[in-house]
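J.: The structure that follows is given in the form of structure tokens.
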Amino acid sequence: MKRFLKKSVLSILAFLAKRKLKTMRASIVGITGSVGKTSCKDLVAHLLETHHRVLKSEKSYNSEFGLLLTILQQKSGFSSPVQWLVTLFKAFGYTFFNRETFDYLILEMGVDKSGDMDYLTHIAPPDIAIITAIKPVHLDNAQFSSIEDVFREKKKIVSRMKPDGTAYLSLDDNHIKTLSDDKEHNHILYSQKKKADVWASDIRQTEEGLSFTVHYGDEDSFTAFVPLYGEYQLSIVLPAIIAARETGIPVQTIQETLKGYHLPPGRMTLIEGIDNLLLLDSSYNASPEAVKEALHVLHFFGTKRGARRVFIFGNMNELGDYSKSLHQDVGRHIPSKADVLITVGEDVHYAAETALKNGMPSKHIIECRDVHKAIERYREIKKPGDVVLAKGSQNNVRLECFVEAFMLRPEEAQDTLVRQGKNWENIAP
């Protein structure tokens with residue numbers, strides 16, 4: 001019965017969403033990738049809404065239900081049949097009686113198994129397609145068997161664009177750059193490492209953010225600054241700049257708007273902690289490449305401030321048979337970037353074990369079964385002025401709890417941290 005109700009609600013929402021798209025008359029920007037989807041979506045919207053009417057996915061609404069709810073501007077009913085009936089009633093009213101239109105509809109398209117992208121692009125084929133990066137994620141049972149399978153599904157966002165659509169493709173990703181040979185679809189190539197249609201140079205990280213020069217074609221260039229940390233963030237900034245330029249937004253507006261952008265909670269947010277701690281809150285999620293990039297940021301701030309570098313590392317979930325080797329791979333990078341390692345979870349033990357083998361003293365490695373134990377152990381060893389990076393997956397990890405425990409102003413957690421809604425309150429980490 002539960003499956004029947006879910007299928008029925010999904011079918012009704014899909015019918016209403018497809019009808020609404022016809023009257024909305026918006027160009028669709030579809031964004032997918034293994035990491036950075038939400039951040040890229042928010043930045044594209046942040047830039048485009050300076051000159052256009054924009055509707056975007058809220059939070060991480062990127063699944064089949066999330067995409068439909070975004071189009072219909074409704075909230076999830078979660079596990080309540082009554083609430084879903086309310087949602088359907090409101091969605092019906094919005095579809096047939098609301099005449100609001102938008103210039104751009106910016107949709108985050110997440111996939112975690114084969115066939116997901118087929119469904120999403122059937123509902124909303126993009127006019128603009130962006131793939132942020134392809135990384136080893138969603139490799140657990142009933143998901144994907146390899147990173148090649150991940151790419152095979154995500155690249156459908158390009159092949160299923162509208163006939164005159166354009167894809168923004170990164171030359172810095174070994175998988176995505178193979179799509180640049182596709183002559184059937186329009187594309188704009190970008191890079192932070194080499195010359196492309198759009199590329200970045202003179203990249204400089206400061207404690208305030210990233211400054212760089214954007215080259216748009218052979219003769220057009222301009223400087224830019226964005227308060228983000230880690231050069232890898234340019235993988236979301238460059239396609240957002242392309243979207244802005246291609247939709248007619250002036251360079252000066254782009255420059256000024258970038259200065260005011262801030263990532264969503266839990267995506268490398270800098271938070272002031274007690275005892276002069278600097279908390280690098282990257283607690284939203286974790287994948288192997290993203291963790292390694294985050295470690296570079298920890299090293300940067302620790303070195304700049306002459307402070308002890310503390311890494312709170314939560315389990316990286318949904319890696320399936322690759323989990324051990326991928327945790328080990330991250331473990332090799334930890335000793336050169338962190339002075340103290342505190343782990344949360346089971347498979348992350350392999351990272352701790354590898355860090356030990358690669359020179360990190362055993363007295364600087366603490367393994368904890370859950371986030372509450374990690375909070376307790378860090379309280380015992382905390383030093384004023386520590387730079388602390390918290391990064392891990394969400395299910396059974398929940399490192400936002402760790403960040404809240406050491407915030408200087410915990411009363412701001414509701415607005416500053418990820419996973420603060422009522423639906424998370426009853427889920428014990």
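Residues are named by chain letter and number: chains run A, B, ... in the order of the structure tokens, numbers start at 1 in each chain, and ligands are numbered from 1 in the order shown.
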Residues near stretch 210-215 of chain A, anyone? I mean within 9 Å using only C-alpha atoms, not counting same-chain ones fewer than 2 positions away, as a VMD selection string.
T.: chain A and resid 195 to 208 217 to 231 233 to 234 238 241
J.: Each residue of stretch 357-412 of chain A with at least one atom at most 9 Å from stretch 282-290 of chain A should appear once, together with its nearest atom pair and the corresponding distance in Å (one decimal); atoms considered: only C-alpha atoms; ordering: chain, then increasing residue number; output as a Markdown table.
T.:
| residue | atom | partner | partner_atom | distance |
| --- | --- | --- | --- | --- |
| A:Leu389 | CA | A:Ser282 | CA | 7.1 |
| A:Ala390 | CA | A:Ser282 | CA | 5.6 |
| A:Lys391 | CA | A:Ser283 | CA | 4.6 |
| A:Gly392 | CA | A:Ala286 | CA | 4.8 |
| A:Ser393 | CA | A:Asn285 | CA | 4.1 |
| A:Gln394 | CA | A:Asn285 | CA | 5.7 |
| A:Arg398 | CA | A:Ser283 | CA | 7.1 |
| A:Leu399 | CA | A:Ser283 | CA | 5.3 |
| A:Glu400 | CA | A:Ser283 | CA | 5.5 |
| A:Val403 | CA | A:Ser283 | CA | 8.2 |
J.: Name all residues at most 12 Å from A:Pro250 (count only C-alpha atoms; drop same-chain ones fewer than 3 positions away) and give them as a PyMOL selection string.
T.: chain A and resi 47-48+50-51+222+241-247+253-257
J.: Take the selection from the previous step and output its residues with C-alpha atoms, as a PDB file, in the first residue's frame.
T.:
ATOM      1  CA  LEU A  47      23.902  35.841 -10.346  1.00  0.00           C
ATOM      2  CA  LEU A  48      20.922  35.434 -12.663  1.00  0.00           C
ATOM      3  CA  THR A  50      20.133  40.298 -10.550  1.00  0.00           C
ATOM      4  CA  HIS A  51      18.530  40.735 -13.998  1.00  0.00           C
ATOM      5  CA  PHE A 222      38.216  40.661 -15.952  1.00  0.00           C
ATOM      6  CA  ILE A 241      29.878  33.120 -14.524  1.00  0.00           C
ATOM      7  CA  ILE A 242      29.270  31.608 -17.967  1.00  0.00           C
ATOM      8  CA  ALA A 243      25.539  31.394 -17.269  1.00  0.00           C
ATOM      9  CA  ALA A 244      25.516  35.041 -16.224  1.00  0.00           C
ATOM     10  CA  ARG A 245      27.439  36.259 -19.264  1.00  0.00           C
ATOM     11  CA  GLU A 246      25.411  34.140 -21.673  1.00  0.00           C
ATOM     12  CA  THR A 247      22.168  35.583 -20.296  1.00  0.00           C
ATOM     13  CA  THR A 253      27.271  43.205 -11.945  1.00  0.00           C
ATOM     14  CA  ILE A 254      28.917  39.775 -11.937  1.00  0.00           C
ATOM     15  CA  GLN A 255      31.947  41.130 -10.066  1.00  0.00           C
ATOM     16  CA  GLU A 256      29.860  42.877  -7.413  1.00  0.00           C
ATOM     17  CA  THR A 257      27.416  39.983  -6.992  1.00  0.00           C
TER      18      THR A 257
END
J.: With only C-alpha atoms as the atoms that count, which of A:Phe97, A:Tyr168, A:Phe406, A:Phe15 lies nearest to A:Asn276?
T.: A:Phe406
J.: Near A:Thr132, within 12 Å and counting only C-alpha atoms, which residues show up once chain neighbours fewer than 3 positions away are dropped, as an NGL selection string?
T.: :A and (30-41 or 108-110 or 129 or 135 or 151 or 154-155 or 157 or 167-177 or 190-191 or 232-240)
